[in-house]
Amino acid sequence: MTVINEKINIQTKGFTDIINITDDIIAIVDKHKIENGHVLIYVPGSTASITTVEYEPGLLKDLPEAFEKFAPMEHTYHHDETWHDGNGYAHVRASMVGNSESFPVISKELYLGTWQQIILIDFDNKPRTRSVIVQIIY
Amino acid sequence: MTVINEKINIQTKGFTDIINITDDIIAIVDKHKIENGHVLIYVPGSTASITTVEYEPGLLKDLPEAFEKFAPMEHTYHHDETWHDGNGYAHVRASMVGNSESFPVISKELYLGTWQQIILIDFDNKPRTRSVIVQIIY
Amino acid sequence: MTVINEKINIQTKGFTDIINITDDIIAIVDKHKIENGHVLIYVPGSTASITTVEYEPGLLKDLPEAFEKFAPMEHTYHHDETWHDGNGYAHVRASMVGNSESFPVISKELYLGTWQQIILIDFDNKPRTRSVIVQIIY
């Protein structure tokens, strides 16, 4: 078996910044000529997540609004009372969505729906440089 | 190493239709006589998800009600203002729950709890034919 | 390829009890001297989840409060009308967060952020003994 580990470095604006990383991942799958395999997309950290969405301007507003309802930025979090870094909302959102998503490669194709893009969401309350790990097993 | 890719085609009714796919997956694990391995269950698309639940009539009402509170159907989404397909709620729900779930096979058994079933949820606002990918690595 | 299956047994208090299992998992990765590989952390059952969080006292209050807003304990669930076990809220929360999370091991290191711990959340309304499966593929 082969395990491939690749890293993508991404500059974010924070504040539930949603970044389309689909093309980066397809490029890695293509570069290694993966025929069939399992692709783990993973972001380390406690204020960022990986998921998918139809990457279009409407949903780029809808998704942050839904998170705002679920874990509002202006709410007082116990985390902030202790650490005063003001990103309690970001931790709660990231724990809910999760740090990774896995995808199959089948016959050389990363198996996505037509309107489905892989995204990094940076919930933190400041710009960050994030490392997204792409681990392929085949 | 061996990578097995299987596909299950499922007719849904949409509107947060919850379908128990556990038996299909167990049948695939059994057919290939998997002793120990990693099973990825994955649905492509941006309005459907894979997760687990105790598949009983009460929770089949509770789960849609919880999603309705989190991302209501009747809310006006920016996605719908642009595309007028009325399924903004479905995109938001699917991004939150995710497209996949992974399970271990241990000593030939798909390792589930007694009251835990694997489900496909189709959030879209119309009936769909969904392809669920079962990728086994062993 | 090698598949390693290990099990960690954990006594919980239930009621959205959040338990830091990071050290147990690092110990397993170290014991098997994994160089590069894929680690699936999975809890069977329909009222428990695996995710990550910065494990500090503030967030250990914030996370249950967010879940309480999303799926309150005191709400009447259809599940409870049928089964009278009073844990409908726990099922809804677990379906949302999911039973597993996957992590890469790269150059012998379980690739976590500085402030990111792996947690088991037991949502059930009573103490439970949970088995967490650690499946490593390398």
# chains A, B, ... in the order shown; residues from 1 in each chain; ligands from 1
>>> interface_residues(of="chain B", to="chain A", cutoff="7 Å", atoms="only C-alpha atoms", output="PyMOL selection string")
chain B and resi 1+3+44-46+71+77-79+82+91-92+95-96+98+100+135
>>> atom_distance(atom1="CA of Asp85 (chain B)", atom2="CA of Lys13 (chain B)")
16.4 Å
>>> residues_around(residues="Glu74 (chain C)", least_positions_apart="6", cutoff="12 Å", atoms="only C-alpha atoms", output="short mmCIF file (atom, residue, chain, number, x, y, z; two decimals) with N, CA and C atoms, in the first residue's frame")
data_model
loop_
_atom_site.label_atom_id
_atom_site.label_comp_id
_atom_site.auth_asym_id
_atom_site.auth_seq_id
_atom_site.Cartn_x
_atom_site.Cartn_y
_atom_site.Cartn_z
N GLU C 68 -27.56 22.42 23.52
CA GLU C 68 -28.84 22.63 24.20
C GLU C 68 -29.75 23.54 23.38
N ASP C 80 -39.22 9.90 22.35
CA ASP C 80 -39.53 9.66 23.77
C ASP C 80 -40.99 9.27 23.97
N GLY C 86 -36.41 9.06 27.27
CA GLY C 86 -36.03 10.44 27.55
C GLY C 86 -34.75 10.92 26.92
N ASN C 87 -34.21 10.18 25.93
CA ASN C 87 -32.93 10.58 25.34
C ASN C 87 -33.05 10.99 23.85
N GLY C 88 -34.24 11.42 23.46
CA GLY C 88 -34.43 11.87 22.07
C GLY C 88 -33.42 12.95 21.68
N TYR C 89 -33.18 13.88 22.56
CA TYR C 89 -32.19 14.95 22.32
C TYR C 89 -30.82 14.38 21.99
N ALA C 90 -30.46 13.28 22.66
CA ALA C 90 -29.13 12.68 22.49
C ALA C 90 -28.99 12.08 21.10
N ASN C 125 -28.57 9.97 28.41
CA ASN C 125 -29.04 10.51 29.69
C ASN C 125 -28.78 9.58 30.87
#
>>> residues_around(residues="Tyr42 (chain B)", least_positions_apart="6", cutoff="6 Å", atoms="only C-alpha atoms", output="CSV table (one decimal) with C-alpha atoms, in the first residue's frame")
chain,number,residue,atom,x,y,z
B,99,ASN,CA,-21.3,13.7,2.6
B,100,SER,CA,-19.7,10.7,4.2
B,132,VAL,CA,-24.1,6.0,-2.7
B,133,ILE,CA,-20.5,4.9,-3.0
>>> select_by_dssp(residues="region 53-88 of chain B", states="helix (DSSP H, G or I)", output="list in words")
Pro57, Gly58, Leu59, Leu60, Lys61, Asp62, Leu63, Pro64, Glu65, Ala66, Phe67, Glu68, Lys69, Phe70, His78, His79, Asp80, Glu81, Thr82, Trp83 and Gly88 of chain B
>>> write_last_selection(atoms="N, CA and C atoms", output="PDB file, in the first residue's frame")
ATOM      1  N   PRO B  57     -39.657   5.158  13.983  1.00  0.00           N
ATOM      2  CA  PRO B  57     -40.595   6.195  13.507  1.00  0.00           C
ATOM      3  C   PRO B  57     -40.494   7.533  14.241  1.00  0.00           C
ATOM      4  N   GLY B  58     -40.229   7.509  15.564  1.00  0.00           N
ATOM      5  CA  GLY B  58     -40.142   8.769  16.307  1.00  0.00           C
ATOM      6  C   GLY B  58     -39.001   9.639  15.817  1.00  0.00           C
ATOM      7  N   LEU B  59     -37.810   9.069  15.726  1.00  0.00           N
ATOM      8  CA  LEU B  59     -36.638   9.847  15.295  1.00  0.00           C
ATOM      9  C   LEU B  59     -36.735  10.260  13.830  1.00  0.00           C
ATOM     10  N   LEU B  60     -37.484   9.504  13.032  1.00  0.00           N
ATOM     11  CA  LEU B  60     -37.682   9.903  11.626  1.00  0.00           C
ATOM     12  C   LEU B  60     -38.511  11.175  11.523  1.00  0.00           C
ATOM     13  N   LYS B  61     -39.206  11.528  12.621  1.00  0.00           N
ATOM     14  CA  LYS B  61     -39.864  12.849  12.703  1.00  0.00           C
ATOM     15  C   LYS B  61     -38.978  13.869  13.425  1.00  0.00           C
ATOM     16  N   ASP B  62     -38.270  13.418  14.456  1.00  0.00           N
ATOM     17  CA  ASP B  62     -37.463  14.354  15.254  1.00  0.00           C
ATOM     18  C   ASP B  62     -36.320  14.972  14.450  1.00  0.00           C
ATOM     19  N   LEU B  63     -35.683  14.158  13.628  1.00  0.00           N
ATOM     20  CA  LEU B  63     -34.511  14.626  12.893  1.00  0.00           C
ATOM     21  C   LEU B  63     -34.908  15.740  11.904  1.00  0.00           C
ATOM     22  N   PRO B  64     -35.921  15.523  11.053  1.00  0.00           N
ATOM     23  CA  PRO B  64     -36.353  16.627  10.172  1.00  0.00           C
ATOM     24  C   PRO B  64     -36.790  17.868  10.949  1.00  0.00           C
ATOM     25  N   GLU B  65     -37.415  17.692  12.104  1.00  0.00           N
ATOM     26  CA  GLU B  65     -37.839  18.852  12.895  1.00  0.00           C
ATOM     27  C   GLU B  65     -36.634  19.647  13.404  1.00  0.00           C
ATOM     28  N   ALA B  66     -35.578  18.932  13.795  1.00  0.00           N
ATOM     29  CA  ALA B  66     -34.357  19.618  14.247  1.00  0.00           C
ATOM     30  C   ALA B  66     -33.714  20.373  13.086  1.00  0.00           C
ATOM     31  N   PHE B  67     -33.669  19.758  11.905  1.00  0.00           N
ATOM     32  CA  PHE B  67     -33.109  20.439  10.734  1.00  0.00           C
ATOM     33  C   PHE B  67     -33.961  21.648  10.361  1.00  0.00           C
ATOM     34  N   GLU B  68     -35.276  21.515  10.523  1.00  0.00           N
ATOM     35  CA  GLU B  68     -36.187  22.624  10.206  1.00  0.00           C
ATOM     36  C   GLU B  68     -35.889  23.820  11.107  1.00  0.00           C
ATOM     37  N   LYS B  69     -35.545  23.554  12.343  1.00  0.00           N
ATOM     38  CA  LYS B  69     -35.190  24.633  13.265  1.00  0.00           C
ATOM     39  C   LYS B  69     -33.852  25.248  12.865  1.00  0.00           C
ATOM     40  N   PHE B  70     -32.905  24.415  12.479  1.00  0.00           N
ATOM     41  CA  PHE B  70     -31.557  24.878  12.138  1.00  0.00           C
ATOM     42  C   PHE B  70     -31.535  25.630  10.802  1.00  0.00           C
ATOM     43  N   HIS B  78     -30.272  33.361   0.074  1.00  0.00           N
ATOM     44  CA  HIS B  78     -29.620  34.062  -1.039  1.00  0.00           C
ATOM     45  C   HIS B  78     -29.488  33.128  -2.249  1.00  0.00           C
ATOM     46  N   HIS B  79     -29.244  31.849  -1.968  1.00  0.00           N
ATOM     47  CA  HIS B  79     -29.138  30.867  -3.052  1.00  0.00           C
ATOM     48  C   HIS B  79     -30.401  30.864  -3.921  1.00  0.00           C
ATOM     49  N   ASP B  80     -31.539  30.958  -3.286  1.00  0.00           N
ATOM     50  CA  ASP B  80     -32.803  30.896  -4.031  1.00  0.00           C
ATOM     51  C   ASP B  80     -33.081  32.189  -4.783  1.00  0.00           C
ATOM     52  N   GLU B  81     -32.593  33.306  -4.225  1.00  0.00           N
ATOM     53  CA  GLU B  81     -32.761  34.579  -4.934  1.00  0.00           C
ATOM     54  C   GLU B  81     -32.042  34.532  -6.282  1.00  0.00           C
ATOM     55  N   THR B  82     -30.920  33.844  -6.323  1.00  0.00           N
ATOM     56  CA  THR B  82     -30.142  33.743  -7.572  1.00  0.00           C
ATOM     57  C   THR B  82     -30.685  32.666  -8.496  1.00  0.00           C
ATOM     58  N   TRP B  83     -30.942  31.489  -7.919  1.00  0.00           N
ATOM     59  CA  TRP B  83     -31.187  30.301  -8.764  1.00  0.00           C
ATOM     60  C   TRP B  83     -32.656  29.921  -8.822  1.00  0.00           C
ATOM     61  N   GLY B  88     -32.319  26.182  -1.083  1.00  0.00           N
ATOM     62  CA  GLY B  88     -31.242  26.747  -0.269  1.00  0.00           C
ATOM     63  C   GLY B  88     -31.109  26.039   1.065  1.00  0.00           C
TER      64      GLY B  88
END
>>> select_by_dssp(residues="region 38-90 of chain B", states="strand (DSSP E or B)", output="short mmCIF file (atom, residue, chain, number, x, y, z; two decimals) with C-alpha atoms, in the first residue's frame")
data_model
loop_
_atom_site.label_atom_id
_atom_site.label_comp_id
_atom_site.auth_asym_id
_atom_site.auth_seq_id
_atom_site.Cartn_x
_atom_site.Cartn_y
_atom_site.Cartn_z
CA HIS B 38 -12.10 0.55 6.41
CA VAL B 39 -15.48 1.33 4.83
CA LEU B 40 -16.22 4.80 3.45
CA ILE B 41 -19.89 5.51 2.73
CA TYR B 42 -20.16 8.58 0.53
CA ALA B 48 -27.61 14.96 0.49
CA SER B 49 -25.77 13.50 3.49
CA ILE B 50 -24.69 10.26 5.14
CA THR B 51 -24.93 9.78 8.92
CA THR B 52 -26.38 7.27 11.39
CA VAL B 53 -29.48 7.16 13.58
#
